[in-house]
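Everything below concerns the one structure shown next.
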Amino acid sequence: MHLKITVLLLIIIPKILIGQNYSDYYKGINNAKILIGDNNIEESIKTYHSTFEKFDFVFARDCYNAIELSASANDSVKLKYFINRGIKQGLTFNQILNIKNVAEFRNFNFFQKITKEKDSLEKVYKNSINWKLRNEIVEMFEQDQEIRAKYYDAIFFKRKQIGREWESLNKRQVERLIEITKKYGFPGEKTIGIDTDQMHTKINNSNISAAMPIIIFIHHYSQPNKTFSPLLLKEIKTGNIY
């Protein structure tokens with residue numbers, strides 16, 4: 001009995017690990033985009049779909065693109081699938097309605113069903129987010145933006161001092177982000193969801209990303225600093241960083 005269980009685990013675990021390698025995801029998405037460039041829309045939609053099917057988590061911006069593509073191609077079957085995935089990944093129903101050609105499907109049965117189920121689909125997204133981490137990241141971003149504004153609003157001779165304070169803040173923030181990454185994985189879209197304009201005035205909903213931690217890294221690395229590339233490159237392969 002124990003031998004059977006061991007053999008079963010040896011078969012299942014490698015498949016799970018392979019499925020979690022987002023290198024395959026990026027290849028699939030890039031191939032789908034190349035097919036669009038070649039005007040092979042049908043194959044592009046199929047590639048988006050087959051890529052999404054392999055992963056529990058997919059990026060919201062890719063859902064957005066796939067929705068737009070399938071709506072323009074009048075592919076209602078794939079459109080239904082991509083809209084469902086999109087809402088589960090954080091796209092709002094209103095965002096989806098505003099995608100070109102999508103509103104033309106409002107009277108279709110599948111669309112009316114999605115309209116009724118959208119709250120439960122949104123709940124899937126909200127339940128996937130680590131809200132404690134999300135709130136911490138928003139606070140870090142607010143601190144970064146506050147001192148940034150202070151720096152650029154200051155008269156010239158005060159900028160040096162504020163600049164040092166900004167550098168010190170970003171250093172502490174990056175160290176904390178690395179700490180979080182080691183414990184939970186990088187706090188990207190998979191972990192903390194999408195940035196919204198309700199979180200900060202500098203955020204635009206149309207960006208469809210989790211950019212707050214990335215901006216902090218960009219500010220920190222506006223000058224030479226200790227690298228964390230080996231750790232962060234691994235996080236790209238797990239899908240924690242786009």
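In the structure tokens, chains take letters A, B, ... by order of appearance, with residues numbered from 1 within each chain and ligands from 1 in the order shown.
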
Could you give me, as a PDB file with N, CA and C atoms, in the first residue's frame, the residues within 10 Å of region 198-209 of chain A, counting only C-alpha atoms and dropping anything in the same chain fewer than 2 positions from it?
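The resulting file, selection-v9.pdb, is reproduced below:
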```
ATOM      1  N   PHE A  59      -2.307  36.208 -15.605  1.00  0.00           N
ATOM      2  CA  PHE A  59      -2.256  37.646 -15.374  1.00  0.00           C
ATOM      3  C   PHE A  59      -3.457  38.349 -16.002  1.00  0.00           C
ATOM      4  N   ALA A  60      -3.991  39.313 -15.240  1.00  0.00           N
ATOM      5  CA  ALA A  60      -5.216  40.003 -15.650  1.00  0.00           C
ATOM      6  C   ALA A  60      -5.064  40.723 -16.979  1.00  0.00           C
ATOM      7  N   ARG A  61      -3.897  41.301 -17.234  1.00  0.00           N
ATOM      8  CA  ARG A  61      -3.712  42.035 -18.496  1.00  0.00           C
ATOM      9  C   ARG A  61      -3.781  41.082 -19.692  1.00  0.00           C
ATOM     10  N   ASP A  62      -3.355  39.829 -19.494  1.00  0.00           N
ATOM     11  CA  ASP A  62      -3.451  38.842 -20.573  1.00  0.00           C
ATOM     12  C   ASP A  62      -4.907  38.438 -20.784  1.00  0.00           C
ATOM     13  N   TYR A  64      -7.404  40.457 -20.299  1.00  0.00           N
ATOM     14  CA  TYR A  64      -7.962  41.629 -20.994  1.00  0.00           C
ATOM     15  C   TYR A  64      -7.714  41.519 -22.496  1.00  0.00           C
ATOM     16  N   GLY A  90      -9.300  39.575 -11.334  1.00  0.00           N
ATOM     17  CA  GLY A  90      -9.340  40.954 -10.844  1.00  0.00           C
ATOM     18  C   GLY A  90      -9.887  41.998 -11.789  1.00  0.00           C
ATOM     19  N   LEU A  91     -10.217  41.622 -13.024  1.00  0.00           N
ATOM     20  CA  LEU A  91     -10.851  42.589 -13.920  1.00  0.00           C
ATOM     21  C   LEU A  91     -12.267  42.849 -13.414  1.00  0.00           C
ATOM     22  N   THR A  92     -12.667  44.110 -13.360  1.00  0.00           N
ATOM     23  CA  THR A  92     -14.027  44.409 -12.936  1.00  0.00           C
ATOM     24  C   THR A  92     -14.990  44.211 -14.105  1.00  0.00           C
ATOM     25  N   GLN A  95     -14.961  47.161 -16.353  1.00  0.00           N
ATOM     26  CA  GLN A  95     -13.778  47.176 -17.221  1.00  0.00           C
ATOM     27  C   GLN A  95     -14.015  46.310 -18.447  1.00  0.00           C
ATOM     28  N   ARG A 134      -1.198  43.174   1.108  1.00  0.00           N
ATOM     29  CA  ARG A 134      -1.645  44.240   0.208  1.00  0.00           C
ATOM     30  C   ARG A 134      -1.680  45.573   0.937  1.00  0.00           C
ATOM     31  N   ASN A 135      -2.232  45.608   2.127  1.00  0.00           N
ATOM     32  CA  ASN A 135      -2.312  46.853   2.899  1.00  0.00           C
ATOM     33  C   ASN A 135      -0.932  47.374   3.264  1.00  0.00           C
ATOM     34  N   VAL A 138       0.580  48.941   0.092  1.00  0.00           N
ATOM     35  CA  VAL A 138      -0.032  50.249  -0.172  1.00  0.00           C
ATOM     36  C   VAL A 138       0.573  51.306   0.746  1.00  0.00           C
ATOM     37  N   GLU A 139       0.765  50.948   2.009  1.00  0.00           N
ATOM     38  CA  GLU A 139       1.367  51.893   2.967  1.00  0.00           C
ATOM     39  C   GLU A 139       2.802  52.237   2.562  1.00  0.00           C
ATOM     40  N   PHE A 141       4.023  52.179  -0.465  1.00  0.00           N
ATOM     41  CA  PHE A 141       3.944  53.014  -1.663  1.00  0.00           C
ATOM     42  C   PHE A 141       3.581  54.454  -1.293  1.00  0.00           C
ATOM     43  N   GLU A 142       2.659  54.606  -0.363  1.00  0.00           N
ATOM     44  CA  GLU A 142       2.265  55.947   0.093  1.00  0.00           C
ATOM     45  C   GLU A 142       3.459  56.685   0.686  1.00  0.00           C
ATOM     46  N   GLN A 145       5.811  57.699  -2.188  1.00  0.00           N
ATOM     47  CA  GLN A 145       5.283  58.803  -2.986  1.00  0.00           C
ATOM     48  C   GLN A 145       5.262  60.120  -2.212  1.00  0.00           C
ATOM     49  N   GLY A 188       3.572  40.229  -5.839  1.00  0.00           N
ATOM     50  CA  GLY A 188       3.070  40.684  -7.130  1.00  0.00           C
ATOM     51  C   GLY A 188       1.589  40.394  -7.248  1.00  0.00           C
ATOM     52  N   GLU A 189       1.107  40.412  -8.459  1.00  0.00           N
ATOM     53  CA  GLU A 189      -0.330  40.281  -8.734  1.00  0.00           C
ATOM     54  C   GLU A 189      -0.922  38.986  -8.178  1.00  0.00           C
ATOM     55  N   GLY A 193      -2.879  40.964  -5.676  1.00  0.00           N
ATOM     56  CA  GLY A 193      -3.877  41.455  -6.614  1.00  0.00           C
ATOM     57  C   GLY A 193      -3.423  42.682  -7.389  1.00  0.00           C
ATOM     58  N   ILE A 194      -4.371  43.319  -8.032  1.00  0.00           N
ATOM     59  CA  ILE A 194      -4.093  44.446  -8.929  1.00  0.00           C
ATOM     60  C   ILE A 194      -4.191  45.773  -8.175  1.00  0.00           C
ATOM     61  N   ASP A 195      -3.288  46.703  -8.497  1.00  0.00           N
ATOM     62  CA  ASP A 195      -3.381  48.069  -7.965  1.00  0.00           C
ATOM     63  C   ASP A 195      -4.627  48.743  -8.540  1.00  0.00           C
ATOM     64  N   THR A 196      -5.348  49.498  -7.702  1.00  0.00           N
ATOM     65  CA  THR A 196      -6.506  50.247  -8.190  1.00  0.00           C
ATOM     66  C   THR A 196      -6.407  51.702  -7.759  1.00  0.00           C
ATOM     67  N   ALA A 211       2.065  47.155  -9.592  1.00  0.00           N
ATOM     68  CA  ALA A 211       3.319  47.870  -9.864  1.00  0.00           C
ATOM     69  C   ALA A 211       3.948  48.516  -8.636  1.00  0.00           C
ATOM     70  N   MET A 212       3.212  48.608  -7.531  1.00  0.00           N
ATOM     71  CA  MET A 212       3.729  49.348  -6.372  1.00  0.00           C
ATOM     72  C   MET A 212       5.099  48.854  -5.900  1.00  0.00           C
ATOM     73  N   TYR A 242       5.712  39.428 -13.067  1.00  0.00           N
ATOM     74  CA  TYR A 242       5.371  39.310 -14.492  1.00  0.00           C
ATOM     75  C   TYR A 242       6.626  39.433 -15.328  1.00  0.00           C
TER      76      TYR A 242
END
```

For this session: Just list the residues in region 66-240 of chain A DSSP gives alpha helix (DSSP H) on the backbone, as an NGL selection string.
Result: :A and (66-72 or 76-88 or 93-97 or 109-128 or 131-153 or 156-184 or 189-192 or 212-220 or 229-237)

For this session: Write out as a ChimeraX atom specification which residues come within 8 Å of region 24-40 of chain A when counting only C-alpha atoms, dropping same-chain ones fewer than 4 positions away.
Result: /A:44-45,47-48,51-52,55,62

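Residue neighbourhood of region 223-227 of chain A, excluding near-sequence residues (fewer than 2 positions): Gly163, Glu167, Ser168, Asn170, Lys171, Val174, Glu175, Ile178, Phe217, Ile218, His219, His220, Tyr221, Ser229, Pro230, Leu231, Leu232 and Leu233 of chain A, at 12 Å, using only C-alpha atoms.
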
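The residue that comes closest to Phe110 (chain A), out of A:Lys78, A:Lys132, A:Lys158, A:Lys183 and on the basis of only C-alpha atoms, is A:Lys78.
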
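Distances from A:Val124, A:Ala73, A:Ile216, A:Ile67 to Lys88 (chain A) were compared using only C-alpha atoms, and the smallest one belongs to A:Val124.
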
Exercise. If you count only C-alpha atoms, which residues fall within 9 Å of Leu79 (chain A), apart from same-chain ones fewer than 5 positions away, as a PyMOL selection string?
Worked result: chain A and resi 66-71+74+84+102

Give me a file of those residues, with C-alpha atoms, as a compact mmCIF listing (two decimals), in the first residue's frame.
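Once everything was written out, this is again06.txt:
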```txt
# COMPACT_ATOMS: atom_id res chain seq x y z
CA ALA A 66 -7.71 37.68 -24.81
CA ILE A 67 -11.20 39.10 -24.16
CA GLU A 68 -10.63 41.90 -26.66
CA LEU A 69 -9.31 39.46 -29.24
CA SER A 70 -12.13 36.93 -28.94
CA ALA A 71 -14.78 39.68 -28.96
CA ASN A 74 -16.88 37.06 -32.65
CA ASN A 84 -14.80 34.23 -16.46
CA VAL A 102 -17.81 43.20 -25.71
```

For this session: May I ask which of the residues A:Trp166, A:Gly86, A:Glu179, A:Leu133 is the closest one to Arg148 (chain A), counting only C-alpha atoms?
Result: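 Smallest distance to Arg148 (chain A) is found for A:Trp166.
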
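Relative to CA of Gln89 (chain A), CA of Asp56 (chain A) is found at 10.1 Å.
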